[in-house]
Structures are given as C-alpha cells and as structure tokens.
>>> print(open('coords_36.json').read())   # JSON, C-alpha atoms
[["chain", "number", "residue", "atom", "x", "y", "z"],
["A", 1, "MET", "CA", -42.96, 1.34, 29.21],
["A", 2, "SER", "CA", -42.06, 2.05, 25.57],
["A", 3, "GLU", "CA", -40.80, -0.47, 23.04],
["A", 4, "PRO", "CA", -37.02, -0.79, 22.58],
["A", 5, "SER", "CA", -35.72, 1.48, 19.85],
["A", 6, "GLU", "CA", -34.59, -0.18, 16.64],
["A", 7, "ASN", "CA", -31.53, 2.08, 16.67],
["A", 8, "PHE", "CA", -30.07, 0.54, 19.80],
["A", 9, "PRO", "CA", -29.09, -3.07, 20.34],
["A", 10, "LYS", "CA", -30.64, -5.03, 23.15],
["A", 11, "GLU", "CA", -29.06, -4.84, 26.57],
["A", 12, "THR", "CA", -26.03, -7.04, 26.96],
["A", 13, "SER", "CA", -24.08, -8.10, 29.96],
["A", 14, "LEU", "CA", -20.34, -7.87, 30.24],
["A", 15, "PRO", "CA", -18.44, -11.17, 30.07],
["A", 16, "ASP", "CA", -17.78, -13.04, 33.30],
["A", 17, "VAL", "CA", -14.71, -14.74, 31.82],
["A", 18, "VAL", "CA", -11.89, -13.16, 29.81],
["A", 19, "ASP", "CA", -9.09, -15.33, 28.39],
["A", 20, "GLY", "CA", -10.21, -18.19, 30.63],
["A", 21, "SER", "CA", -9.79, -16.11, 33.79],
["A", 22, "PRO", "CA", -12.91, -15.42, 35.83],
["A", 23, "MET", "CA", -13.76, -11.79, 36.37],
["A", 24, "PRO", "CA", -15.84, -10.28, 39.14],
["A", 25, "ALA", "CA", -19.53, -10.26, 38.31],
["A", 26, "THR", "CA", -20.49, -7.10, 36.43],
["A", 27, "PRO", "CA", -24.06, -5.83, 36.33],
["A", 28, "LYS", "CA", -25.81, -5.49, 32.98],
["A", 29, "LEU", "CA", -25.26, -2.21, 31.23],
["A", 30, "THR", "CA", -28.66, -0.60, 31.25],
["A", 31, "ARG", "CA", -30.27, 0.71, 28.13],
["A", 32, "ALA", "CA", -30.26, 4.22, 29.59],
["A", 33, "ALA", "CA", -26.53, 4.00, 30.31],
["A", 34, "ARG", "CA", -25.84, 2.80, 26.73],
["A", 35, "GLU", "CA", -27.90, 5.60, 25.27],
["A", 36, "LYS", "CA", -26.17, 8.18, 27.46],
["A", 37, "PHE", "CA", -22.73, 6.83, 26.48],
["A", 38, "ILE", "CA", -23.58, 6.94, 22.77],
["A", 39, "GLU", "CA", -25.15, 10.40, 23.00],
["A", 40, "GLN", "CA", -22.02, 11.71, 24.71],
["A", 41, "ALA", "CA", -19.83, 10.08, 22.06],
["A", 42, "VAL", "CA", -21.86, 11.81, 19.34],
["A", 43, "LEU", "CA", -21.55, 15.17, 21.11],
["A", 44, "ASP", "CA", -17.80, 14.76, 21.63],
["A", 45, "PHE", "CA", -16.73, 13.24, 18.32],
["A", 46, "GLU", "CA", -19.27, 13.92, 15.56],
["A", 47, "SER", "CA", -17.73, 17.18, 14.39],
["A", 48, "PRO", "CA", -14.07, 16.01, 14.43],
["A", 49, "LEU", "CA", -15.07, 12.79, 12.63],
["A", 50, "ILE", "CA", -16.92, 14.75, 9.94],
["A", 51, "GLY", "CA", -13.85, 16.92, 9.44],
["A", 52, "TYR", "CA", -11.59, 13.89, 9.21],
["A", 53, "ALA", "CA", -13.89, 12.03, 6.81],
["A", 54, "THR", "CA", -14.29, 15.15, 4.67],
["A", 55, "THR", "CA", -10.51, 15.39, 4.44],
["A", 56, "LEU", "CA", -10.33, 11.78, 3.24],
["A", 57, "LEU", "CA", -13.35, 11.83, 0.92],
["A", 58, "HIS", "CA", -13.39, 15.45, -0.30],
["A", 59, "ASP", "CA", -17.18, 15.37, -0.04],
["A", 60, "SER", "CA", -18.94, 16.70, 3.06],
["A", 61, "GLU", "CA", -22.23, 14.90, 2.44],
["A", 62, "LEU", "CA", -20.51, 11.57, 1.93],
["A", 63, "ALA", "CA", -18.43, 12.29, 5.05],
["A", 64, "ARG", "CA", -21.63, 12.78, 7.09],
["A", 65, "ASP", "CA", -22.89, 9.41, 5.84],
["A", 66, "VAL", "CA", -19.63, 7.76, 6.88],
["A", 67, "VAL", "CA", -19.82, 9.31, 10.35],
["A", 68, "GLN", "CA", -23.42, 8.15, 10.67],
["A", 69, "ASP", "CA", -22.30, 4.62, 9.75],
["A", 70, "THR", "CA", -19.53, 4.91, 12.35],
["A", 71, "PHE", "CA", -22.01, 5.72, 15.10],
["A", 72, "ILE", "CA", -24.36, 2.97, 13.95],
["A", 73, "ARG", "CA", -21.47, 0.54, 14.35],
["A", 74, "LEU", "CA", -20.84, 1.97, 17.82],
["A", 75, "CYS", "CA", -24.47, 1.19, 18.69],
["A", 76, "GLN", "CA", -23.86, -2.42, 17.65],
["A", 77, "GLN", "CA", -20.70, -2.81, 19.75],
["A", 78, "ASP", "CA", -20.22, -3.99, 23.30],
["A", 79, "ILE", "CA", -19.66, -0.65, 25.01],
["A", 80, "ALA", "CA", -17.29, -2.20, 27.55],
["A", 81, "LYS", "CA", -14.94, -3.27, 24.75],
["A", 82, "VAL", "CA", -14.69, 0.14, 23.09],
["A", 83, "SER", "CA", -15.07, 2.58, 25.98],
["A", 84, "ASP", "CA", -11.38, 2.62, 26.99],
["A", 85, "ASN", "CA", -10.19, 3.54, 23.47],
["A", 86, "LEU", "CA", -13.33, 5.16, 22.13],
["A", 87, "LYS", "CA", -11.65, 8.00, 20.24],
["A", 88, "SER", "CA", -9.19, 5.68, 18.49],
["A", 89, "TRP", "CA", -11.94, 3.16, 17.76],
["A", 90, "LEU", "CA", -14.22, 5.80, 16.22],
["A", 91, "PHE", "CA", -11.47, 7.27, 14.04],
["A", 92, "THR", "CA", -10.38, 3.79, 12.91],
["A", 93, "VAL", "CA", -13.93, 2.79, 11.94],
["A", 94, "CYS", "CA", -14.43, 6.14, 10.20],
["A", 95, "ARG", "CA", -11.13, 5.75, 8.31],
["A", 96, "ASN", "CA", -11.88, 2.18, 7.25],
["A", 97, "ARG", "CA", -15.39, 3.08, 6.11],
["A", 98, "SER", "CA", -14.05, 6.07, 4.16],
["A", 99, "PHE", "CA", -11.49, 3.90, 2.40],
["A", 100, "ASP", "CA", -14.18, 1.32, 1.61],
["A", 101, "ILE", "CA", -16.21, 4.02, -0.10],
["A", 102, "LEU", "CA", -13.17, 5.36, -1.97],
["A", 103, "ARG", "CA", -12.37, 1.88, -3.24],
["A", 104, "LYS", "CA", -15.97, 1.27, -4.20],
["A", 105, "ASN", "CA", -16.35, 4.58, -6.02],
["A", 106, "LYS", "CA", -12.79, 4.71, -7.33],
["A", 107, "HIS", "CA", -13.00, 8.33, -6.33],
["A", 108, "ASN", "CA", -9.49, 8.63, -4.90],
["A", 109, "GLN", "CA", -7.96, 11.87, -6.19],
["A", 110, "PRO", "CA", -4.34, 12.89, -5.71],
["A", 111, "LEU", "CA", -3.99, 15.67, -3.20],
["A", 112, "GLU", "CA", -2.79, 18.19, -5.83],
["A", 113, "GLU", "CA", -6.08, 17.85, -7.76],
["A", 114, "ILE", "CA", -8.22, 18.86, -4.82],
["A", 115, "ARG", "CA", -9.98, 22.15, -5.23],
["A", 116, "TRP", "CA", -9.69, 23.90, -1.90],
["A", 117, "LYS", "CA", -12.18, 26.63, -1.17],
["A", 118, "LYS", "CA", -10.59, 29.68, 0.33],
["A", 119, "PHE", "CA", -12.55, 32.02, 2.53],
["A", 120, "ALA", "CA", -11.12, 35.38, 3.48],
["A", 121, "GLY", "CA", -12.39, 36.55, 6.83],
["A", 122, "PRO", "CA", -13.79, 40.07, 7.17],
["A", 123, "ASP", "CA", -10.89, 41.07, 9.44],
["A", 124, "LEU", "CA", -8.10, 39.89, 7.11],
["A", 125, "GLN", "CA", -6.19, 42.52, 5.21],
["A", 126, "PRO", "CA", -5.27, 41.76, 1.59],
["A", 127, "ASP", "CA", -1.61, 41.22, 2.47],
["A", 128, "GLU", "CA", -2.56, 38.82, 5.29],
["A", 129, "SER", "CA", -4.84, 36.90, 2.95],
["A", 130, "THR", "CA", -2.08, 36.65, 0.34],
["A", 131, "LEU", "CA", 0.45, 35.45, 2.94],
["A", 132, "ARG", "CA", -2.03, 32.84, 4.17],
["A", 133, "ASP", "CA", -2.68, 31.67, 0.60],
["A", 134, "GLU", "CA", 1.05, 31.37, -0.09],
["A", 135, "ARG", "CA", 1.60, 29.47, 3.15],
["A", 136, "ASP", "CA", -1.29, 27.13, 2.36],
["A", 137, "SER", "CA", 0.11, 26.56, -1.14],
["A", 138, "GLN", "CA", 3.56, 25.73, 0.25],
["A", 139, "LEU", "CA", 1.98, 23.40, 2.80],
["A", 140, "MET", "CA", 0.00, 21.56, 0.12],
["A", 141, "LYS", "CA", 3.13, 21.17, -2.05],
["A", 142, "SER", "CA", 4.98, 19.74, 0.93],
["A", 143, "MET", "CA", 2.09, 17.41, 1.77],
["A", 144, "ASN", "CA", 2.07, 16.16, -1.83],
["A", 145, "ARG", "CA", 5.63, 14.91, -1.45],
["A", 146, "LEU", "CA", 4.62, 12.67, 1.47],
["A", 147, "THR", "CA", 3.23, 9.18, 1.21],
["A", 148, "GLU", "CA", -0.46, 8.63, 1.82],
["A", 149, "ASN", "CA", 0.25, 7.17, 5.28],
["A", 150, "GLN", "CA", 2.44, 10.13, 6.24],
["A", 151, "ARG", "CA", -0.23, 12.60, 5.12],
["A", 152, "GLU", "CA", -2.84, 10.73, 7.12],
["A", 153, "VAL", "CA", -0.72, 10.77, 10.29],
["A", 154, "ILE", "CA", -0.16, 14.51, 9.94],
["A", 155, "LEU", "CA", -3.89, 15.14, 9.45],
["A", 156, "LEU", "CA", -4.81, 12.96, 12.44],
["A", 157, "LYS", "CA", -2.21, 14.64, 14.65],
["A", 158, "PHE", "CA", -2.59, 18.29, 13.74],
["A", 159, "GLN", "CA", -6.10, 18.57, 12.32],
["A", 160, "GLN", "CA", -7.88, 16.15, 14.64],
["A", 161, "GLY", "CA", -5.59, 16.44, 17.69],
["A", 162, "LEU", "CA", -5.09, 12.71, 18.21],
["A", 163, "SER", "CA", -2.12, 11.54, 20.25],
["A", 164, "TYR", "CA", 0.53, 9.39, 18.62],
["A", 165, "GLN", "CA", -0.75, 6.43, 20.66],
["A", 166, "GLU", "CA", -4.29, 6.97, 19.35],
["A", 167, "ILE", "CA", -2.99, 7.28, 15.79],
["A", 168, "HIS", "CA", -1.04, 4.02, 16.19]]
>>> encode(input="coords_36.json", output="structure tokens")
Amino acid sequence: MSEPSENFPKETSLPDVVDGSPMPATPKLTRAAREKFIEQAVLDFESPLIGYATTLLHDSELARDVVQDTFIRLCQQDIAKVSDNLKSWLFTVCRNRSFDILRKNKHNQPLEEIRWKKFAGPDLQPDESTLRDERDSQLMKSMNRLTENQREVILLKFQQGLSYQEIH
C-alpha cells in the first residue's frame, strides 16, 4: 500500500457528541471517500471560483493561486462540517483569501479604473458589438454607484449563480 499523500490530511472520524448530545456512531470517512469528495468539489467549483476571484482581484494568475489556497483549506477541513454548505463555504474562503491579498498588496482599485478587455465574437455584427459595448458601459457606470457590498452581492448572484441564502 502506498504512503499517505502530503496533500491530504489523515483520516478523521466524525464526532460522537455534538453540543453535549450523543450522536449515533458514524464510521470513519475513508481516505478514498475524502479524495473523491475533494476531486468532485474541484470539478464542480474550480472554474466559478476562478471567475469570482478574478473579478475581485483583477488578476487571473493571482485568482488561480487564491482558488488553489481555497482547495488546500478544504483538504484540511472536516468534510462532514462543510459538505452541507460546500458551495457557500468555498466562496466565503475564496472571498476572504482574496480580500487578505488585496489588503496585503494594497492593490484595491476602484471599479471605474479597471481595464476591461473586450472581445468581439466572429458572429457579431458591428452594430451588435457597439450596442453590447454601450450596454456594458452603462452597466459599469451603474455598478460604480453601488457600495462594495452591493456590487459583490450582484456579482455572486448573477455572475456566479449563488442563491441569496448562499450569499448570506
């Protein structure tokens, strides 16, 4: 049998007592089950988390690092504690880590200073591209009038598809 990977914490058992109340005995979560859970979480959430972190950090490489840190923290967690609210937990950790980096680097730019790259698709006509650019410009002006928290809620809801409960 191979040595345990350094990337995964050792097997842990679920608690037999919660808030002083005994719970039914729960078998240990096997290493294979942990790995499968984490692999599935990466498949399901890596791309949306990168998009979210990129929106916060305005740097795709830094966003990938933040998402990697997020999944490392997932590997260190008791899976039973995070499995019910995994999506919310991942986005919260990603958000907090992103803000830590912004504070550390003092790299927080106002939304109006962001340089957005615009890509015209091959099937867009010039008038469609212009209309899209105008709509995007109006949207950015409207977003600039919102507070940081309001902008974040809108991004989480409409860009990442989180429910209001998950955002809360």
>>> residues_around(input="coords_36.json", residues="stretch 88-99 of chain A", least_positions_apart="5", cutoff="9 Å", atoms="all atoms listed in the file", output="list of chain:residue names")
A:Phe45, A:Leu49, A:Ile50, A:Tyr52, A:Ala53, A:Leu56, A:Leu57, A:Leu62, A:Ala63, A:Val66, A:Val67, A:Asp69, A:Thr70, A:Phe71, A:Arg73, A:Leu74, A:Val82, A:Ser83, A:Lys104, A:Asn108, A:Leu156, A:Leu162, A:Gln165, A:Glu166, A:Ile167, A:His168
>>> write_last_selection(input="coords_36.json", atoms="C-alpha atoms", output="mmCIF file, keeping the file's coordinate frame")
data_model
loop_
_atom_site.group_PDB
_atom_site.id
_atom_site.type_symbol
_atom_site.label_atom_id
_atom_site.label_comp_id
_atom_site.auth_asym_id
_atom_site.auth_seq_id
_atom_site.Cartn_x
_atom_site.Cartn_y
_atom_site.Cartn_z
ATOM 1 C CA PHE A 45 -16.730 13.240 18.320
ATOM 2 C CA LEU A 49 -15.070 12.790 12.630
ATOM 3 C CA ILE A 50 -16.920 14.750 9.940
ATOM 4 C CA TYR A 52 -11.590 13.890 9.210
ATOM 5 C CA ALA A 53 -13.890 12.030 6.810
ATOM 6 C CA LEU A 56 -10.330 11.780 3.240
ATOM 7 C CA LEU A 57 -13.350 11.830 0.920
ATOM 8 C CA LEU A 62 -20.510 11.570 1.930
ATOM 9 C CA ALA A 63 -18.430 12.290 5.050
ATOM 10 C CA VAL A 66 -19.630 7.760 6.880
ATOM 11 C CA VAL A 67 -19.820 9.310 10.350
ATOM 12 C CA ASP A 69 -22.300 4.620 9.750
ATOM 13 C CA THR A 70 -19.530 4.910 12.350
ATOM 14 C CA PHE A 71 -22.010 5.720 15.100
ATOM 15 C CA ARG A 73 -21.470 0.540 14.350
ATOM 16 C CA LEU A 74 -20.840 1.970 17.820
ATOM 17 C CA VAL A 82 -14.690 0.140 23.090
ATOM 18 C CA SER A 83 -15.070 2.580 25.980
ATOM 19 C CA LYS A 104 -15.970 1.270 -4.200
ATOM 20 C CA ASN A 108 -9.490 8.630 -4.900
ATOM 21 C CA LEU A 156 -4.810 12.960 12.440
ATOM 22 C CA LEU A 162 -5.090 12.710 18.210
ATOM 23 C CA GLN A 165 -0.750 6.430 20.660
ATOM 24 C CA GLU A 166 -4.290 6.970 19.350
ATOM 25 C CA ILE A 167 -2.990 7.280 15.790
ATOM 26 C CA HIS A 168 -1.040 4.020 16.190
#
>>> atom_distance(input="coords_36.json", atom1="atom CA of A:Asn144", atom2="atom CA of A:Phe158")
16.4 Å
>>> closest_residue(input="coords_36.json", among="A:Met140, A:Ile72, A:Ala80, A:Leu86", to="A:Ala41", atoms="only C-alpha atoms")
A:Leu86
>>> atom_distance(input="coords_36.json", atom1="atom CA of A:Arg34", atom2="atom CA of A:Glu61")
27.4 Å
>>> atom_distance(input="coords_36.json", atom1="atom CA of A:Arg145", atom2="atom CA of A:Arg132")
20.3 Å
>>> residues_near_point(input="coords_36.json", point="(0.0, 14.7, 6.6)", cutoff="12 Å", atoms="all atoms listed in the file", output="compact mmCIF listing (two decimals) with C-alpha atoms, in the frame of the given file")
# COMPACT_ATOMS: atom_id res chain seq x y z
CA TYR A 52 -11.59 13.89 9.21
CA THR A 55 -10.51 15.39 4.44
CA LEU A 56 -10.33 11.78 3.24
CA LEU A 111 -3.99 15.67 -3.20
CA LEU A 139 1.98 23.40 2.80
CA MET A 140 0.00 21.56 0.12
CA LYS A 141 3.13 21.17 -2.05
CA SER A 142 4.98 19.74 0.93
CA MET A 143 2.09 17.41 1.77
CA ASN A 144 2.07 16.16 -1.83
CA ARG A 145 5.63 14.91 -1.45
CA LEU A 146 4.62 12.67 1.47
CA THR A 147 3.23 9.18 1.21
CA GLU A 148 -0.46 8.63 1.82
CA ASN A 149 0.25 7.17 5.28
CA GLN A 150 2.44 10.13 6.24
CA ARG A 151 -0.23 12.60 5.12
CA GLU A 152 -2.84 10.73 7.12
CA VAL A 153 -0.72 10.77 10.29
CA ILE A 154 -0.16 14.51 9.94
CA LEU A 155 -3.89 15.14 9.45
CA LEU A 156 -4.81 12.96 12.44
CA LYS A 157 -2.21 14.64 14.65
CA PHE A 158 -2.59 18.29 13.74
CA GLN A 159 -6.10 18.57 12.32
CA GLN A 160 -7.88 16.15 14.64
